[in-house]
Amino acid sequence: MLSRVASSIYWMSRYLERADNVARFIDVNARLVLDMGWERDKAQWEPLVRTTGDEDNFKKRYKTFDEKNVVRFLTFDEKNPNSILACVQHARENARTVREIISSEMWESINALYHLVEKHSRKRKLDDLQEFFTLVHNANHHFAGLIENTMSHNEAWHFARMGRLLERADKTARMLDVKYFLLLPDGEFVDSPHDTVEWGAVLKSVTGFEMYRKQFHRAQYRNVSQFLILDPQFSRAIRFCIETTARSLEIVTSELGIKVKASEEMQKLQMSLDTADVDTILNNGLHEFIDMFQFNLNVVDNALYQAFFALDKKQATAKIIAHNEV
């Protein structure tokens, strides 16, 4: 597979997952305002921007972290590369360049999502966007199903899966980290009823509330951390995402007959999660653990770029031949 094709499929999938996650964060926070009985102008909107890692970009063009500015910035701001509109545009453009690789159903689905977002981009009030966020969620679910059921499970499919799951792991970690700071009174957790509602919102933001309740009872920080970081079966848990990505990477490198540094970095990241213990993580600092995870995730992403996306066809071929001659 050409590096251009691998990169386009990887980022097509990653951008769609990013758009879905941003929609989740806004939607859940809006519902949390109602559950907590907060006044709209006093609700916490800054954490949503922090979750995406775009505080600096936001502060350059907006004065306050109020509902209007944050919703605008995260949904339809074309100058924000991580807004829903920008992500869907990027995903569609990547899909367009690989239409000969993906299925026609996939292209039709992503094109329909693009026009849906364009249609709603004229809306400015959060109350007008609840249905829109649901449509974005459903479109992403539909697209993931099309990837699963209309593509051959070859290299292209594995790159799509790696893009989706690495993005998912990143956003789960970011959401957990942001809420950790918001719910940390004087350096100690108390698991008050207020905190329980917000931890429930964290679970809902990753569509994990029901699966969590099948294992645990009340939503509290230790069990939520255990579930979202180390659960090996929940599809949005960090460990599940990394282990599944590692399997796809192993299959791709095995089929190509190559060894890449990305595999080594992925194994290190996977080992850190396989050997982790939630009590040790919390005792040493949840933020510190997530900060290190984010750093290692960036190392993996950069290694994937160097191994697969930065190569042209001649370089990739030469690399495979050189390895096979060893």
# chains A, B, ... in the order shown; residues from 1 in each chain; ligands from 1
>>> residues_around(residues="range 100-117 of chain A", least_positions_apart="6", cutoff="10 Å", atoms="only C-alpha atoms", output="ChimeraX atom specification")
/A:5,9,12,16,75-76,84-93,132-133,135-136,138-140,142-147,149-152,156-157
>>> residues_around(residues="Val260 in chain A", least_positions_apart="2", cutoff="9 Å", atoms="only C-alpha atoms", output="short mmCIF file (atom, residue, chain, number, x, y, z; two decimals) with N, CA, C and O atoms, in the first residue's frame")
data_model
loop_
_atom_site.label_atom_id
_atom_site.label_comp_id
_atom_site.auth_asym_id
_atom_site.auth_seq_id
_atom_site.Cartn_x
_atom_site.Cartn_y
_atom_site.Cartn_z
N THR A 253 2.66 -5.23 9.85
CA THR A 253 4.11 -5.42 9.71
C THR A 253 4.45 -6.85 9.34
O THR A 253 5.40 -7.10 8.59
N ILE A 258 8.21 -6.56 7.52
CA ILE A 258 9.14 -5.53 7.96
C ILE A 258 9.11 -5.39 9.48
O ILE A 258 8.17 -5.83 10.14
N ALA A 262 7.87 1.69 15.34
CA ALA A 262 6.52 1.89 15.86
C ALA A 262 6.05 0.66 16.64
O ALA A 262 5.34 0.79 17.64
N SER A 263 6.45 -0.53 16.20
CA SER A 263 6.07 -1.75 16.91
C SER A 263 6.69 -1.80 18.29
O SER A 263 6.06 -2.20 19.27
N GLU A 264 7.95 -1.40 18.39
CA GLU A 264 8.63 -1.38 19.68
C GLU A 264 7.96 -0.39 20.63
O GLU A 264 7.74 -0.70 21.82
N ALA A 303 6.03 7.61 15.46
CA ALA A 303 6.71 6.44 14.92
C ALA A 303 5.92 5.83 13.77
O ALA A 303 6.51 5.36 12.77
N LEU A 304 4.59 5.85 13.88
CA LEU A 304 3.74 5.37 12.78
C LEU A 304 3.93 6.25 11.55
O LEU A 304 4.00 5.74 10.42
N ALA A 307 7.23 5.43 9.97
CA ALA A 307 7.29 4.08 9.42
C ALA A 307 6.45 3.91 8.16
O ALA A 307 6.83 3.17 7.24
#
>>> residues_around(residues="Thr280 in chain A", least_positions_apart="6", cutoff="12 Å", atoms="only C-alpha atoms", output="ChimeraX atom specification")
/A:222,225-226,273,286,288-289
>>> write_last_selection(atoms="all heavy atoms", output="PDB file, in the first residue's frame")
ATOM      1  N   ARG A 222     -12.374   5.787  41.819  1.00  0.00           N
ATOM      2  CA  ARG A 222     -11.478   4.632  41.684  1.00  0.00           C
ATOM      3  C   ARG A 222     -12.000   3.670  40.633  1.00  0.00           C
ATOM      4  O   ARG A 222     -11.248   3.215  39.751  1.00  0.00           O
ATOM      5  CB  ARG A 222     -11.316   3.908  43.014  1.00  0.00           C
ATOM      6  CG  ARG A 222     -10.360   2.714  42.917  1.00  0.00           C
ATOM      7  CD  ARG A 222     -10.412   1.829  44.147  1.00  0.00           C
ATOM      8  NE  ARG A 222      -9.475   0.714  44.018  1.00  0.00           N
ATOM      9  CZ  ARG A 222      -9.735  -0.400  43.331  1.00  0.00           C
ATOM     10  NH1 ARG A 222     -10.916  -0.540  42.696  1.00  0.00           N
ATOM     11  NH2 ARG A 222      -8.843  -1.361  43.257  1.00  0.00           N
ATOM     12  N   SER A 225     -11.896   5.115  37.095  1.00  0.00           N
ATOM     13  CA  SER A 225     -10.519   5.087  36.590  1.00  0.00           C
ATOM     14  C   SER A 225     -10.137   3.682  36.153  1.00  0.00           C
ATOM     15  O   SER A 225      -9.538   3.482  35.096  1.00  0.00           O
ATOM     16  CB  SER A 225      -9.555   5.590  37.665  1.00  0.00           C
ATOM     17  OG  SER A 225      -9.841   6.927  38.015  1.00  0.00           O
ATOM     18  N   GLN A 226     -10.490   2.692  36.979  1.00  0.00           N
ATOM     19  CA  GLN A 226     -10.209   1.301  36.639  1.00  0.00           C
ATOM     20  C   GLN A 226     -10.878   0.922  35.320  1.00  0.00           C
ATOM     21  O   GLN A 226     -10.255   0.314  34.435  1.00  0.00           O
ATOM     22  CB  GLN A 226     -10.735   0.386  37.755  1.00  0.00           C
ATOM     23  CG  GLN A 226     -10.843  -1.092  37.417  1.00  0.00           C
ATOM     24  CD  GLN A 226      -9.506  -1.801  37.441  1.00  0.00           C
ATOM     25  OE1 GLN A 226      -8.612  -1.416  38.178  1.00  0.00           O
ATOM     26  NE2 GLN A 226      -9.362  -2.842  36.629  1.00  0.00           N
ATOM     27  N   LEU A 273       0.362  -0.621  30.293  1.00  0.00           N
ATOM     28  CA  LEU A 273      -1.041  -0.787  30.678  1.00  0.00           C
ATOM     29  C   LEU A 273      -1.315  -2.188  31.212  1.00  0.00           C
ATOM     30  O   LEU A 273      -2.091  -2.367  32.149  1.00  0.00           O
ATOM     31  CB  LEU A 273      -1.943  -0.497  29.480  1.00  0.00           C
ATOM     32  CG  LEU A 273      -1.939   0.956  29.003  1.00  0.00           C
ATOM     33  CD1 LEU A 273      -2.628   1.075  27.653  1.00  0.00           C
ATOM     34  CD2 LEU A 273      -2.621   1.878  30.012  1.00  0.00           C
ATOM     35  N   LEU A 286      -3.066  10.328  39.232  1.00  0.00           N
ATOM     36  CA  LEU A 286      -3.740  10.010  37.978  1.00  0.00           C
ATOM     37  C   LEU A 286      -3.281  10.936  36.854  1.00  0.00           C
ATOM     38  O   LEU A 286      -3.053  10.488  35.725  1.00  0.00           O
ATOM     39  CB  LEU A 286      -5.254  10.118  38.152  1.00  0.00           C
ATOM     40  CG  LEU A 286      -6.113   9.851  36.921  1.00  0.00           C
ATOM     41  CD1 LEU A 286      -5.878   8.440  36.401  1.00  0.00           C
ATOM     42  CD2 LEU A 286      -7.587  10.054  37.235  1.00  0.00           C
ATOM     43  N   GLU A 288      -0.406  12.411  36.551  1.00  0.00           N
ATOM     44  CA  GLU A 288       0.945  12.047  36.140  1.00  0.00           C
ATOM     45  C   GLU A 288       0.935  10.820  35.243  1.00  0.00           C
ATOM     46  O   GLU A 288       1.682  10.748  34.258  1.00  0.00           O
ATOM     47  CB  GLU A 288       1.817  11.801  37.370  1.00  0.00           C
ATOM     48  CG  GLU A 288       2.212  13.043  38.136  1.00  0.00           C
ATOM     49  CD  GLU A 288       1.058  13.646  38.942  1.00  0.00           C
ATOM     50  OE1 GLU A 288       0.039  12.940  39.153  1.00  0.00           O
ATOM     51  OE2 GLU A 288       1.173  14.818  39.338  1.00  0.00           O
ATOM     52  N   PHE A 289       0.076   9.862  35.558  1.00  0.00           N
ATOM     53  CA  PHE A 289      -0.028   8.654  34.731  1.00  0.00           C
ATOM     54  C   PHE A 289      -0.541   9.004  33.335  1.00  0.00           C
ATOM     55  O   PHE A 289       0.012   8.556  32.323  1.00  0.00           O
ATOM     56  CB  PHE A 289      -0.958   7.639  35.387  1.00  0.00           C
ATOM     57  CG  PHE A 289      -1.176   6.398  34.560  1.00  0.00           C
ATOM     58  CD1 PHE A 289      -0.293   5.329  34.638  1.00  0.00           C
ATOM     59  CD2 PHE A 289      -2.264   6.303  33.696  1.00  0.00           C
ATOM     60  CE1 PHE A 289      -0.485   4.180  33.865  1.00  0.00           C
ATOM     61  CE2 PHE A 289      -2.464   5.167  32.914  1.00  0.00           C
ATOM     62  CZ  PHE A 289      -1.568   4.105  33.008  1.00  0.00           C
TER      63      PHE A 289
END
>>> closest_atom_pairs(of="range 87-179 of chain A", to="range 43-50 of chain A", cutoff="12 Å", atoms="only C-alpha atoms", output="Markdown table")
| residue | atom | partner | partner_atom | distance |
| --- | --- | --- | --- | --- |
| A:Lys171 | CA | A:Arg50 | CA | 11.0 |
| A:Ala173 | CA | A:Arg50 | CA | 12.0 |
| A:Arg174 | CA | A:Arg50 | CA | 8.2 |
| A:Met175 | CA | A:Leu48 | CA | 8.3 |
| A:Leu176 | CA | A:Pro47 | CA | 10.9 |
| A:Asp177 | CA | A:Arg50 | CA | 9.7 |
| A:Val178 | CA | A:Pro47 | CA | 6.3 |
| A:Lys179 | CA | A:Pro47 | CA | 7.8 |
>>> write_last_selection(atoms="all heavy atoms", output="mmCIF file, in the first residue's frame")
data_model
loop_
_atom_site.group_PDB
_atom_site.id
_atom_site.type_symbol
_atom_site.label_atom_id
_atom_site.label_comp_id
_atom_site.auth_asym_id
_atom_site.auth_seq_id
_atom_site.Cartn_x
_atom_site.Cartn_y
_atom_site.Cartn_z
ATOM 1 N N LYS A 171 -8.778 10.651 23.510
ATOM 2 C CA LYS A 171 -9.873 11.452 24.041
ATOM 3 C C LYS A 171 -10.397 10.898 25.357
ATOM 4 O O LYS A 171 -10.818 11.658 26.234
ATOM 5 C CB LYS A 171 -10.999 11.536 23.013
ATOM 6 C CG LYS A 171 -10.662 12.410 21.811
ATOM 7 C CD LYS A 171 -10.325 13.833 22.247
ATOM 8 C CE LYS A 171 -10.028 14.740 21.062
ATOM 9 N NZ LYS A 171 -8.702 14.438 20.467
ATOM 10 N N ALA A 173 -8.555 9.477 27.641
ATOM 11 C CA ALA A 173 -7.558 9.928 28.615
ATOM 12 C C ALA A 173 -7.738 11.411 28.924
ATOM 13 O O ALA A 173 -7.666 11.829 30.092
ATOM 14 C CB ALA A 173 -6.153 9.662 28.079
ATOM 15 N N ARG A 174 -7.973 12.221 27.915
ATOM 16 C CA ARG A 174 -8.132 13.662 28.126
ATOM 17 C C ARG A 174 -9.354 13.974 28.982
ATOM 18 O O ARG A 174 -9.296 14.802 29.891
ATOM 19 C CB ARG A 174 -8.245 14.381 26.781
ATOM 20 C CG ARG A 174 -6.943 14.476 26.001
ATOM 21 C CD ARG A 174 -7.138 15.204 24.683
ATOM 22 N NE ARG A 174 -5.921 15.257 23.899
ATOM 23 C CZ ARG A 174 -4.976 16.184 24.038
ATOM 24 N NH1 ARG A 174 -5.129 17.136 24.945
ATOM 25 N NH2 ARG A 174 -3.901 16.167 23.282
ATOM 26 N N MET A 175 -10.458 13.317 28.682
ATOM 27 C CA MET A 175 -11.665 13.548 29.455
ATOM 28 C C MET A 175 -11.475 13.137 30.910
ATOM 29 O O MET A 175 -11.854 13.852 31.848
ATOM 30 C CB MET A 175 -12.841 12.787 28.839
ATOM 31 C CG MET A 175 -14.133 12.865 29.655
ATOM 32 S SD MET A 175 -14.705 14.540 30.000
ATOM 33 C CE MET A 175 -15.367 14.996 28.403
ATOM 34 N N LEU A 176 -10.857 12.011 31.138
ATOM 35 C CA LEU A 176 -10.619 11.532 32.493
ATOM 36 C C LEU A 176 -9.710 12.491 33.253
ATOM 37 O O LEU A 176 -9.926 12.775 34.434
ATOM 38 C CB LEU A 176 -9.986 10.136 32.442
ATOM 39 C CG LEU A 176 -9.860 9.363 33.753
ATOM 40 C CD1 LEU A 176 -11.223 9.172 34.393
ATOM 41 C CD2 LEU A 176 -9.221 8.001 33.486
ATOM 42 N N ASP A 177 -8.705 13.018 32.596
ATOM 43 C CA ASP A 177 -7.757 13.928 33.226
ATOM 44 C C ASP A 177 -8.423 15.252 33.599
ATOM 45 O O ASP A 177 -8.233 15.769 34.703
ATOM 46 C CB ASP A 177 -6.583 14.183 32.283
ATOM 47 C CG ASP A 177 -5.402 14.836 32.977
ATOM 48 O OD1 ASP A 177 -5.217 14.577 34.190
ATOM 49 O OD2 ASP A 177 -4.654 15.575 32.321
ATOM 50 N N VAL A 178 -9.215 15.796 32.699
ATOM 51 C CA VAL A 178 -9.884 17.067 32.970
ATOM 52 C C VAL A 178 -10.852 16.937 34.129
ATOM 53 O O VAL A 178 -10.865 17.760 35.062
ATOM 54 C CB VAL A 178 -10.622 17.576 31.711
ATOM 55 C CG1 VAL A 178 -11.532 18.744 32.066
ATOM 56 C CG2 VAL A 178 -9.621 18.005 30.651
ATOM 57 N N LYS A 179 -11.657 15.901 34.130
ATOM 58 C CA LYS A 179 -12.621 15.715 35.213
ATOM 59 C C LYS A 179 -11.932 15.408 36.530
ATOM 60 O O LYS A 179 -12.423 15.756 37.598
ATOM 61 C CB LYS A 179 -13.595 14.586 34.854
ATOM 62 C CG LYS A 179 -14.583 14.954 33.764
ATOM 63 C CD LYS A 179 -15.453 16.130 34.201
ATOM 64 C CE LYS A 179 -16.497 16.466 33.144
ATOM 65 N NZ LYS A 179 -17.319 17.628 33.525
#
>>> residues_around(residues="range 195-211 of chain A", least_positions_apart="6", cutoff="6 Å", atoms="only C-alpha atoms", output="compact mmCIF listing (two decimals) with N, CA, C and O atoms, in the first residue's frame")
# COMPACT_ATOMS: atom_id res chain seq x y z
N ARG A 24 -19.80 14.37 21.56
CA ARG A 24 -20.14 13.71 22.83
C ARG A 24 -19.90 14.64 24.01
O ARG A 24 -20.74 14.77 24.91
N PHE A 25 -18.73 15.27 24.02
CA PHE A 25 -18.36 16.12 25.16
C PHE A 25 -19.35 17.27 25.34
O PHE A 25 -19.78 17.56 26.46
N VAL A 28 -22.97 15.87 26.41
CA VAL A 28 -23.03 15.39 27.80
C VAL A 28 -22.93 16.57 28.77
O VAL A 28 -23.63 16.61 29.79
N ALA A 219 -21.09 5.42 40.68
CA ALA A 219 -19.96 5.97 39.93
C ALA A 219 -19.04 6.72 40.88
O ALA A 219 -19.43 7.75 41.43
N GLN A 220 -17.84 6.19 41.12
CA GLN A 220 -16.87 6.87 41.96
C GLN A 220 -15.49 6.74 41.35
O GLN A 220 -15.24 5.87 40.52
>>> closest_residue(among="A:Val299, A:Leu166, A:Leu228, A:Ile281", to="Leu249 in chain A", atoms="only C-alpha atoms")
A:Leu166
>>> select_by_dssp(residues="range 80-148 of chain A", states="helix (DSSP H, G or I)", output="MDAnalysis selection string")
chainID A and resid 84:97 104:120 126:128 130:148
>>> atom_distance(atom1="CA of Phe73 in chain A", atom2="CA of Phe295 in chain A")
25.5 Å
>>> residues_around(residues="Asp128 in chain A", least_positions_apart="5", cutoff="12 Å", atoms="only C-alpha atoms", output="PDB file with N, CA, C and O atoms, in the first residue's frame")
ATOM      1  N   ASP A  27     -22.488  17.530  24.160  1.00  0.00           N
ATOM      2  CA  ASP A  27     -23.823  17.012  24.439  1.00  0.00           C
ATOM      3  C   ASP A  27     -23.953  16.603  25.901  1.00  0.00           C
ATOM      4  O   ASP A  27     -24.921  16.964  26.583  1.00  0.00           O
ATOM      5  N   ALA A  30     -23.931  19.601  28.267  1.00  0.00           N
ATOM      6  CA  ALA A  30     -25.206  20.306  28.230  1.00  0.00           C
ATOM      7  C   ALA A  30     -26.246  19.594  29.091  1.00  0.00           C
ATOM      8  O   ALA A  30     -27.021  20.236  29.815  1.00  0.00           O
ATOM      9  N   VAL A  71     -19.219  26.538  22.392  1.00  0.00           N
ATOM     10  CA  VAL A  71     -19.991  25.736  21.439  1.00  0.00           C
ATOM     11  C   VAL A  71     -19.628  26.124  20.009  1.00  0.00           C
ATOM     12  O   VAL A  71     -19.443  25.264  19.145  1.00  0.00           O
ATOM     13  N   HIS A 120     -26.150  22.344   9.306  1.00  0.00           N
ATOM     14  CA  HIS A 120     -26.366  22.795  10.677  1.00  0.00           C
ATOM     15  C   HIS A 120     -25.391  23.880  11.116  1.00  0.00           C
ATOM     16  O   HIS A 120     -25.544  24.444  12.205  1.00  0.00           O
ATOM     17  N   SER A 121     -24.397  24.170  10.315  1.00  0.00           N
ATOM     18  CA  SER A 121     -23.357  25.118  10.724  1.00  0.00           C
ATOM     19  C   SER A 121     -23.890  26.536  10.909  1.00  0.00           C
ATOM     20  O   SER A 121     -23.224  27.378  11.506  1.00  0.00           O
ATOM     21  N   ARG A 122     -25.102  26.810  10.437  1.00  0.00           N
ATOM     22  CA  ARG A 122     -25.688  28.140  10.600  1.00  0.00           C
ATOM     23  C   ARG A 122     -26.351  28.312  11.960  1.00  0.00           C
ATOM     24  O   ARG A 122     -26.717  29.420  12.337  1.00  0.00           O
ATOM     25  N   LYS A 123     -26.498  27.212  12.689  1.00  0.00           N
ATOM     26  CA  LYS A 123     -27.127  27.286  14.006  1.00  0.00           C
ATOM     27  C   LYS A 123     -26.097  27.708  15.050  1.00  0.00           C
ATOM     28  O   LYS A 123     -24.944  27.316  14.991  1.00  0.00           O
ATOM     29  N   PHE A 133     -26.072  16.676  17.463  1.00  0.00           N
ATOM     30  CA  PHE A 133     -25.051  15.855  18.097  1.00  0.00           C
ATOM     31  C   PHE A 133     -25.411  14.364  18.012  1.00  0.00           C
ATOM     32  O   PHE A 133     -24.547  13.519  17.772  1.00  0.00           O
ATOM     33  N   THR A 134     -26.682  14.069  18.180  1.00  0.00           N
ATOM     34  CA  THR A 134     -27.131  12.679  18.054  1.00  0.00           C
ATOM     35  C   THR A 134     -26.899  12.164  16.644  1.00  0.00           C
ATOM     36  O   THR A 134     -26.458  11.023  16.444  1.00  0.00           O
TER      37      THR A 134
END
>>> closest_residue(among="A:Arg72, A:Gln130, A:Glu17, A:Arg247", to="Arg31 in chain A", atoms="only C-alpha atoms")
A:Gln130
>>> closest_residue(among="A:Arg168, A:Arg218, A:Met266, A:Asp277", to="Ala237 in chain A", atoms="only C-alpha atoms")
A:Arg168
>>> residues_around(residues="Cys241 in chain A", least_positions_apart="5", cutoff="10 Å", atoms="only C-alpha atoms", output="NGL selection string")
:A and (161-162 or 164-170 or 172 or 229 or 231-236 or 246 or 270)
>>> residues_around(residues="Glu255 in chain A", least_positions_apart="3", cutoff="12 Å", atoms="only C-alpha atoms", output="list in words")
Met1, Asn154, Glu155, His158, Ser248, Leu249, Glu250, Ile251, Val252, Ile258, Lys259 and Ile320 of chain A
>>> closest_residue(among="A:Ala276, A:Leu256, A:Ala95, A:Leu74", to="Arg14 in chain A", atoms="only C-alpha atoms")
A:Ala95
>>> atom_distance(atom1="CA of Phe308 in chain A", atom2="CA of Ser7 in chain A")
7.6 Å
>>> atom_distance(atom1="CA of Met292 in chain A", atom2="CA of Asp274 in chain A")
15.1 Å
